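*Asks:* One structure follows; several queries about it will come next.
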Amino acid sequence: MIRSILSRTLLLVAVPMLMLVGLLVLFWQAERRQAEATRWSLHTKDVLEETQELQTHLSDIQTGIRGYIIVREPSFLEAYRRAREALPRSLQRLQDLTADNPSQRARIGDFARRSDVVLSHYEQVITQARTGPLPVEQERAFVVGGKLLVDEFRTSVREFRAAEQSLDEQRQHELQIASRRLFTTVVGGTGAALLGVLVAGVWFQRGLGGRVASLTTTARALADGRAVPSDTRVDDELAIVDRALREMAASIEERQRATVGALADAVSLFSAADSHRAVLDVAVDRALALSNASLAICTLADAEGEQHVVAARAATGHGTPAPTPRTAFTWDAASEVMRTSHPLLLTATARDGRAIPEAVAAVLGAGDWIGAPLSDDRRTPFGVLQVVAPPGHAFREDDTDVIETLARAATVALALERSRQRLEAANADLALTNRENELFIYSVSHDLRSPLVNLEGFSRELTMVTDSLRVILDGPDVPADLRRKAMPLIEDDVTESVRFIRTAVGRLAAIIDGLLRLSRAGRVEYRIQSLDLDRIVQRIVDAMQATLGEVKGEVTFAGLPTVAGDALALEQLLANLIGNAVAYARPDVPPRIELAVEPDLARDARFTVIRVSDNGLGIPEAHLDQVFQPLRRVHPGVGRGEGMGLAIVRRIVERHQGRVWVRSQVGAGTSFFIELPLQPVEGAADVS
Amino acid sequence: MSREAITILLAEDDDGHAVLVERNLRRAGVTNRIERARDGQEALDYLRSRGNHAGREPDGPLLMLLDINMPRVDGVEVLRQMKASPSTARIPVVMLTTTDNPHEVERCYDLGCSVYVTKPVTYDDLSEAMRRLSLFLSIVTVPPETAARGGGLPA
């Protein structure tokens, strides 16, 4: 089986060529035959003409003799003699012409003998006639005898002519047959050649077309990144192309994978970087690795457009030292990158075209150069990430994309780092403010307690005084008139006033206590440990048994996780929430409180979320965002407390680095979601 | 050393508090002499017979009711100085304050106070605290060294 495309192509050309050569040979043969036939035809004509000449001579001889005998005119004898001389020449020529044909040649020999007979006869007649007039009978005998001889001769000549003509006809016939055969051969050969070409073409197309189609499929599949088994049965030129395609795809894929992997590495390194400096170090480090460069630097531009090196890394083994930080230089290529916000690839040759300042050459060496912009939040470049290829190594066009991507990632990392620092500062501020607030609340509440002790104590004193007064007025020596006037004052006015004062004092005391509790929730030191929430909730429920029994309340919980937290704080937190659920139950609806874990709601795997749901009054949507504020009471007529519970809940959750949020529907119930760490989180124990 | 002979030194800057404490102690049956110091400095002066109390002759056993938040010298400092000086180290000290900060409480016990009583805001609680205080006074006749911390009295 012929597989090679070259051999197929050669075959496709060779088949018609061979057929053409065959046809040419046939033509050449036919042409030769034709020429031969023509020659023979002319030859026959010559023979026939010469025969005609011979016959003329014979007639002249006969006529001359006859005339001479009858009129004895010597002029007749002259004609006879001319013909008699020409006759042997004619015979000689015929003999020459028929040299190739023995039968005709034999006839020519016969002609010669007969001509000798005829001539000798006539010579005898002439000799007789010269002697004088001949008797009529003799004369007649002579003439008749000559006529018989000549007629015989003529008959022989006619036979010769007939034989010659028949020969000619036979040759013509053969020529016709040959012509017809040639025609058939040419038509058939051409047809066969065409058919051969057609068959070879189809065969070629079938084989090659299939191969090209399979190659196209392979190319498409490779472009789509799918693996295709290679056809090992064929080994033609397309198989070489197929192998080259696969090698190319594999090489591209390998490069892509390496690039993507390296970029992913860069991103994770970026995310781990904890300062701008670290981000830029990662950027140059990765740029070096990703582009096989000999040198990578990050520069920041000043107002004059001068580039200041802030991070640099040189590959080992190239001898190019990394420039020291704060090395400064000005270069229009870097400026162009900054101006256009687009990366730029300059080959070493292109760099030759630009006048490189000494300072730049000293920093950047002389190889291929790529610069990509480092931009800030507003997309205005503030610096350039630059790489230089080692001598003898050229950057690829896609190295530019890689460096640009890296520069973008670095930019994002820088922005994130900036945000992180801002956030940290804000958090620190907030923590400080919180601490200050709590200290302030603590000292204010504390100072307020002192006068409250007086208010409470002396209002009680007043009550005791009125009691004493009442006893005095009830005494027997008090005039009834005085008693009647004084008693209402004591019973109503004083007692009522004191009651109002005492109520206000009680309320004030509760508020101050709440504030103190809140400030303590923020200030008390935590001891973070692993806590089984099931056990904590069980403890709370046990402690609340009496209250729950009164309202026929029910708390269900199971499978609560173990979290990292302060035992007292978390108990206070859950007790507050459960207590609230009982306090804000709907009238005549026994509270059903459910605690469940909702890990999917946590921000990440380090945290979990506890849901505390009730079937209570619910919180109007307008108040939902206020429930965690201190001194805010959503249901003023219901329950007790000063609106500190949820503020304390939020504070405790925040100090555990968690979050708290609420969903509620009025008349259906409320769900609080508490996010808590599963493992100790850094900073959780800080008083913040 | 009879119980009646004990003098109670009340260091309290708030007059109202002083009156309330004294009245409730009396109401609870305490008949001891009660001296009043208006701040920490005066309390120390009293103990050392100087300043306003210069020339005072030590006249029997003392018990200190000490407020913490006072101008000039606060109660904790008074306690510290008392416990640092051998002449006053044995005097039983009852801390009487509005603070219930556990750190503060712990600090006072560390410094050697006998009892720590949080001044309750409500009258009933105050009365109860005073009643317990008088009970404490009735058993404080044992030497100060063995008057264990709190002596089983709740704070």
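A note on labels: chains of the structure tokens are A, B, ... as shown, every chain counts residues from 1, and ligands are counted from 1 in their shown order.
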Would you list, as a VMD selection string, the residues of stretch 294-383 of chain A that end up in helix (DSSP H, G or I) under DSSP run on this structure's backbone?
*Replies:* chain A and resid 332 to 340 348 to 353 358 to 364
*Asks:* Would you pick out the contacts of stretch 127-142 of chain A at 12 Å or less, using only C-alpha atoms, so that residues sharing its chain but fewer than 5 positions from it are not included, and give the list as a ChimeraX atom specification?
*Replies:* /A:62,65-74,77,118,120-122,147-149
*Asks:* Given the selection you just returned, output its residues as a file containing C-alpha atoms, formatted as a CSV table (one decimal), in the first residue's frame.
*Replies:*
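Output file out.csv follows:
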chain,number,residue,atom,x,y,z
A,62,GLN,CA,5.2,-2.7,-84.4
A,65,ILE,CA,7.8,-2.2,-89.1
A,66,ARG,CA,4.3,-2.4,-90.5
A,67,GLY,CA,4.5,1.0,-92.2
A,68,TYR,CA,7.9,0.2,-93.7
A,69,ILE,CA,6.7,-3.1,-95.1
A,70,ILE,CA,3.6,-1.5,-96.6
A,71,VAL,CA,4.9,1.8,-98.0
A,72,ARG,CA,8.7,1.1,-97.9
A,73,GLU,CA,9.2,4.5,-96.5
A,74,PRO,CA,12.6,4.6,-94.6
A,77,LEU,CA,12.1,2.3,-90.2
A,118,VAL,CA,10.2,-9.8,-81.3
A,120,SER,CA,14.9,-10.8,-84.0
A,121,HIS,CA,11.7,-11.4,-85.8
A,122,TYR,CA,11.4,-7.9,-87.1
A,147,LYS,CA,1.6,-9.2,-84.3
A,148,LEU,CA,1.3,-12.6,-82.5
A,149,LEU,CA,4.7,-12.1,-80.8
*Asks:* Could you tell me which residues of chain A sit within 6 Å of chain B when counting only C-alpha atoms, and give me the result as a PyMOL selection string?
*Replies:* chain A and resi 453-454+456-457
*Asks:* For each of B:Val115, B:Leu63, B:Leu133, B:Leu44, take the minimum atom-to-atom distance to B:Val78, counting only C-alpha atoms, then give the residue where this is smallest.
*Replies:* B:Leu44
*Asks:* Write out as an NGL selection string all residues of stretch 39-127 of chain B that DSSP puts in strand (DSSP E or B) for this structure's backbone.
*Replies:* :B and (62-66 or 93-97 or 115-118)
*Asks:* Would you pick out the contacts of stretch 273-285 of chain A at 9 Å or less, using only C-alpha atoms, so that residues sharing its chain but fewer than 6 positions from it are not included, and give the list as a list in words?
*Replies:*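 My list of contacting residues is Ala266, Leu295, Ala296, Ile297, Cys298, Val310, Ala311, Ala312, Arg313, Ala314, Leu385, Gln386, Val387, Leu406, Ala407, Ala409, Ala410, Thr411, Ala413, Leu414, Glu417, Arg418, Arg420 and Gln421 of chain A.
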*Asks:* Write the selection just made, keeping N, CA and C atoms, as a PDB file, in the first residue's frame?
*Replies:*
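This went into again-v9.pdb:
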ATOM      1  N   ALA A 266       2.002  33.478  42.607  1.00  0.00           N
ATOM      2  CA  ALA A 266       2.223  34.898  42.864  1.00  0.00           C
ATOM      3  C   ALA A 266       1.045  35.471  43.652  1.00  0.00           C
ATOM      4  N   LEU A 295      16.961  40.134  35.265  1.00  0.00           N
ATOM      5  CA  LEU A 295      16.818  41.213  36.242  1.00  0.00           C
ATOM      6  C   LEU A 295      15.363  41.658  36.258  1.00  0.00           C
ATOM      7  N   ALA A 296      14.838  41.876  37.444  1.00  0.00           N
ATOM      8  CA  ALA A 296      13.484  42.419  37.567  1.00  0.00           C
ATOM      9  C   ALA A 296      13.522  43.525  38.604  1.00  0.00           C
ATOM     10  N   ILE A 297      12.906  44.664  38.286  1.00  0.00           N
ATOM     11  CA  ILE A 297      12.878  45.759  39.257  1.00  0.00           C
ATOM     12  C   ILE A 297      11.504  46.407  39.281  1.00  0.00           C
ATOM     13  N   CYS A 298      11.167  46.983  40.412  1.00  0.00           N
ATOM     14  CA  CYS A 298       9.993  47.825  40.533  1.00  0.00           C
ATOM     15  C   CYS A 298      10.504  49.236  40.752  1.00  0.00           C
ATOM     16  N   VAL A 310      12.594  50.546  43.878  1.00  0.00           N
ATOM     17  CA  VAL A 310      12.137  50.248  45.234  1.00  0.00           C
ATOM     18  C   VAL A 310      12.283  48.774  45.556  1.00  0.00           C
ATOM     19  N   ALA A 311      12.353  47.936  44.510  1.00  0.00           N
ATOM     20  CA  ALA A 311      12.584  46.513  44.743  1.00  0.00           C
ATOM     21  C   ALA A 311      13.323  45.989  43.535  1.00  0.00           C
ATOM     22  N   ALA A 312      14.256  45.107  43.748  1.00  0.00           N
ATOM     23  CA  ALA A 312      15.039  44.583  42.629  1.00  0.00           C
ATOM     24  C   ALA A 312      15.468  43.172  42.940  1.00  0.00           C
ATOM     25  N   ARG A 313      15.528  42.363  41.894  1.00  0.00           N
ATOM     26  CA  ARG A 313      15.995  40.992  42.066  1.00  0.00           C
ATOM     27  C   ARG A 313      16.728  40.592  40.805  1.00  0.00           C
ATOM     28  N   ALA A 314      17.944  40.051  40.950  1.00  0.00           N
ATOM     29  CA  ALA A 314      18.709  39.609  39.788  1.00  0.00           C
ATOM     30  C   ALA A 314      18.834  38.103  39.837  1.00  0.00           C
ATOM     31  N   LEU A 385       6.852  48.003  36.584  1.00  0.00           N
ATOM     32  CA  LEU A 385       7.498  46.707  36.830  1.00  0.00           C
ATOM     33  C   LEU A 385       8.311  46.377  35.579  1.00  0.00           C
ATOM     34  N   GLN A 386       9.614  46.190  35.725  1.00  0.00           N
ATOM     35  CA  GLN A 386      10.470  46.028  34.560  1.00  0.00           C
ATOM     36  C   GLN A 386      11.285  44.745  34.662  1.00  0.00           C
ATOM     37  N   VAL A 387      11.422  44.070  33.515  1.00  0.00           N
ATOM     38  CA  VAL A 387      12.289  42.891  33.472  1.00  0.00           C
ATOM     39  C   VAL A 387      13.240  43.023  32.284  1.00  0.00           C
ATOM     40  N   LEU A 406       0.999  40.172  36.056  1.00  0.00           N
ATOM     41  CA  LEU A 406       1.680  40.199  37.351  1.00  0.00           C
ATOM     42  C   LEU A 406       1.626  41.609  37.948  1.00  0.00           C
ATOM     43  N   ALA A 407       1.864  42.604  37.085  1.00  0.00           N
ATOM     44  CA  ALA A 407       1.825  43.989  37.564  1.00  0.00           C
ATOM     45  C   ALA A 407       0.427  44.332  38.077  1.00  0.00           C
ATOM     46  N   ALA A 409      -1.788  42.159  39.233  1.00  0.00           N
ATOM     47  CA  ALA A 409      -1.980  41.447  40.500  1.00  0.00           C
ATOM     48  C   ALA A 409      -1.279  42.201  41.628  1.00  0.00           C
ATOM     49  N   ALA A 410      -0.079  42.691  41.324  1.00  0.00           N
ATOM     50  CA  ALA A 410       0.675  43.441  42.334  1.00  0.00           C
ATOM     51  C   ALA A 410      -0.094  44.709  42.717  1.00  0.00           C
ATOM     52  N   THR A 411      -0.681  45.343  41.706  1.00  0.00           N
ATOM     53  CA  THR A 411      -1.446  46.559  41.962  1.00  0.00           C
ATOM     54  C   THR A 411      -2.617  46.266  42.898  1.00  0.00           C
ATOM     55  N   ALA A 413      -2.829  43.748  44.893  1.00  0.00           N
ATOM     56  CA  ALA A 413      -2.290  43.405  46.215  1.00  0.00           C
ATOM     57  C   ALA A 413      -1.916  44.664  46.992  1.00  0.00           C
ATOM     58  N   LEU A 414      -1.348  45.646  46.275  1.00  0.00           N
ATOM     59  CA  LEU A 414      -0.981  46.898  46.939  1.00  0.00           C
ATOM     60  C   LEU A 414      -2.229  47.605  47.462  1.00  0.00           C
ATOM     61  N   GLU A 417      -3.487  45.782  50.376  1.00  0.00           N
ATOM     62  CA  GLU A 417      -2.615  46.035  51.512  1.00  0.00           C
ATOM     63  C   GLU A 417      -2.919  47.406  52.114  1.00  0.00           C
ATOM     64  N   ARG A 418      -3.142  48.392  51.188  1.00  0.00           N
ATOM     65  CA  ARG A 418      -3.473  49.729  51.663  1.00  0.00           C
ATOM     66  C   ARG A 418      -4.784  49.701  52.446  1.00  0.00           C
ATOM     67  N   ARG A 420      -6.095  47.144  53.876  1.00  0.00           N
ATOM     68  CA  ARG A 420      -5.911  46.394  55.116  1.00  0.00           C
ATOM     69  C   ARG A 420      -5.305  47.299  56.195  1.00  0.00           C
ATOM     70  N   GLN A 421      -4.322  48.092  55.763  1.00  0.00           N
ATOM     71  CA  GLN A 421      -3.686  48.973  56.745  1.00  0.00           C
ATOM     72  C   GLN A 421      -4.672  50.018  57.264  1.00  0.00           C
TER      73      GLN A 421
END
*Asks:* Please compute the atom CA of A:Asn437-atom CA of A:Ser519 distance, one decimal, in Å.
*Replies:*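 Here the two named atoms are 8.3 Å from each other.
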*Asks:* Could you work out how far atom CA of A:Asp534 lies from atom CA of A:Leu560, giving the answer in Å with one decimal?
*Replies:* 5.4 Å
*Asks:* Write out as an MDAnalysis selection string the residues lying within 9 Å of B:Leu79, counting only C-alpha atoms and excluding same-chain residues fewer than 3 positions away.
*Replies:* chainID B and resid 66 74:76 82:84 89 93 95 108 111:113
*Asks:* Put those residues in a file: N, CA and C atoms, as a PDB file, in the first residue's frame.
*Replies:*
ATOM      1  N   LEU B  66     -14.004  52.041 105.501  1.00  0.00           N
ATOM      2  CA  LEU B  66     -13.236  52.834 104.559  1.00  0.00           C
ATOM      3  C   LEU B  66     -13.893  52.885 103.179  1.00  0.00           C
ATOM      4  N   ASP B  74      -7.140  58.182  98.354  1.00  0.00           N
ATOM      5  CA  ASP B  74      -8.304  57.278  98.258  1.00  0.00           C
ATOM      6  C   ASP B  74      -8.173  56.116  99.233  1.00  0.00           C
ATOM      7  N   GLY B  75      -9.253  55.387  99.376  1.00  0.00           N
ATOM      8  CA  GLY B  75      -9.338  54.353 100.401  1.00  0.00           C
ATOM      9  C   GLY B  75      -8.314  53.258 100.227  1.00  0.00           C
ATOM     10  N   VAL B  76      -8.024  52.920  98.952  1.00  0.00           N
ATOM     11  CA  VAL B  76      -7.067  51.838  98.723  1.00  0.00           C
ATOM     12  C   VAL B  76      -5.695  52.251  99.244  1.00  0.00           C
ATOM     13  N   MET B  82      -1.978  51.734 105.882  1.00  0.00           N
ATOM     14  CA  MET B  82      -2.277  51.147 107.193  1.00  0.00           C
ATOM     15  C   MET B  82      -1.605  49.790 107.344  1.00  0.00           C
ATOM     16  N   LYS B  83      -1.716  48.972 106.265  1.00  0.00           N
ATOM     17  CA  LYS B  83      -1.160  47.625 106.357  1.00  0.00           C
ATOM     18  C   LYS B  83       0.367  47.640 106.315  1.00  0.00           C
ATOM     19  N   ALA B  84       0.915  48.739 105.763  1.00  0.00           N
ATOM     20  CA  ALA B  84       2.375  48.827 105.681  1.00  0.00           C
ATOM     21  C   ALA B  84       2.996  49.254 107.009  1.00  0.00           C
ATOM     22  N   ALA B  89      -1.289  48.038 111.262  1.00  0.00           N
ATOM     23  CA  ALA B  89      -1.543  46.872 110.415  1.00  0.00           C
ATOM     24  C   ALA B  89      -2.608  45.968 111.002  1.00  0.00           C
ATOM     25  N   VAL B  93     -10.141  46.382 108.779  1.00  0.00           N
ATOM     26  CA  VAL B  93     -10.638  47.374 107.820  1.00  0.00           C
ATOM     27  C   VAL B  93     -11.796  46.765 107.042  1.00  0.00           C
ATOM     28  N   MET B  95     -13.959  47.554 103.829  1.00  0.00           N
ATOM     29  CA  MET B  95     -14.067  48.426 102.658  1.00  0.00           C
ATOM     30  C   MET B  95     -15.539  48.614 102.385  1.00  0.00           C
ATOM     31  N   CYS B 108      -8.116  44.930  97.192  1.00  0.00           N
ATOM     32  CA  CYS B 108      -8.295  45.270  98.602  1.00  0.00           C
ATOM     33  C   CYS B 108      -8.029  44.056  99.497  1.00  0.00           C
ATOM     34  N   LEU B 111      -4.470  43.525  99.752  1.00  0.00           N
ATOM     35  CA  LEU B 111      -3.801  44.478 100.634  1.00  0.00           C
ATOM     36  C   LEU B 111      -4.095  44.189 102.107  1.00  0.00           C
ATOM     37  N   GLY B 112      -5.100  43.320 102.341  1.00  0.00           N
ATOM     38  CA  GLY B 112      -5.329  42.907 103.719  1.00  0.00           C
ATOM     39  C   GLY B 112      -6.582  43.452 104.375  1.00  0.00           C
ATOM     40  N   CYS B 113      -7.578  43.868 103.583  1.00  0.00           N
ATOM     41  CA  CYS B 113      -8.821  44.333 104.210  1.00  0.00           C
ATOM     42  C   CYS B 113      -9.571  43.140 104.780  1.00  0.00           C
TER      43      CYS B 113
END
*Asks:* List the neighbours of A:Gln55 out to 12 Å using only C-alpha atoms; skip same-chain residues closer than 2 positions along the sequence, and give me the result as a ChimeraX atom specification.
*Replies:* /A:48-53,57-62,83-84,86-87,90-91,111,115,150-158,160-161
*Asks:* Could you tell me how far atom CA of A:Ala509 sits from atom CA of B:Arg38, in Å to one decimal place?
*Replies:*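 Interatomic distance, atom CA of B:Arg38 to atom CA of A:Ala509: 25.2 Å.
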*Asks:* Nearest residue to B:Glu12 out of B:Arg48, B:Arg80, B:Arg27, B:Arg36, using only C-alpha atoms?
*Replies:*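 Residue with the minimum atom-to-atom distance to B:Glu12: B:Arg36.
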*Asks:* Which of these, B:Ser87, B:Gln81, B:Asn32, B:Ser114, has the shortest distance to B:Ile6 once you count only C-alpha atoms?
*Replies:* B:Asn32
*Asks:* So which residues touch stretch 663-672 of chain A within 7 Å, counting only C-alpha atoms, skipping near sequence neighbours fewer than 5 positions away, as JSON, numbers by chain?
*Replies:* {"A": [611, 612, 613, 614, 615, 616, 617, 618, 619, 620]}
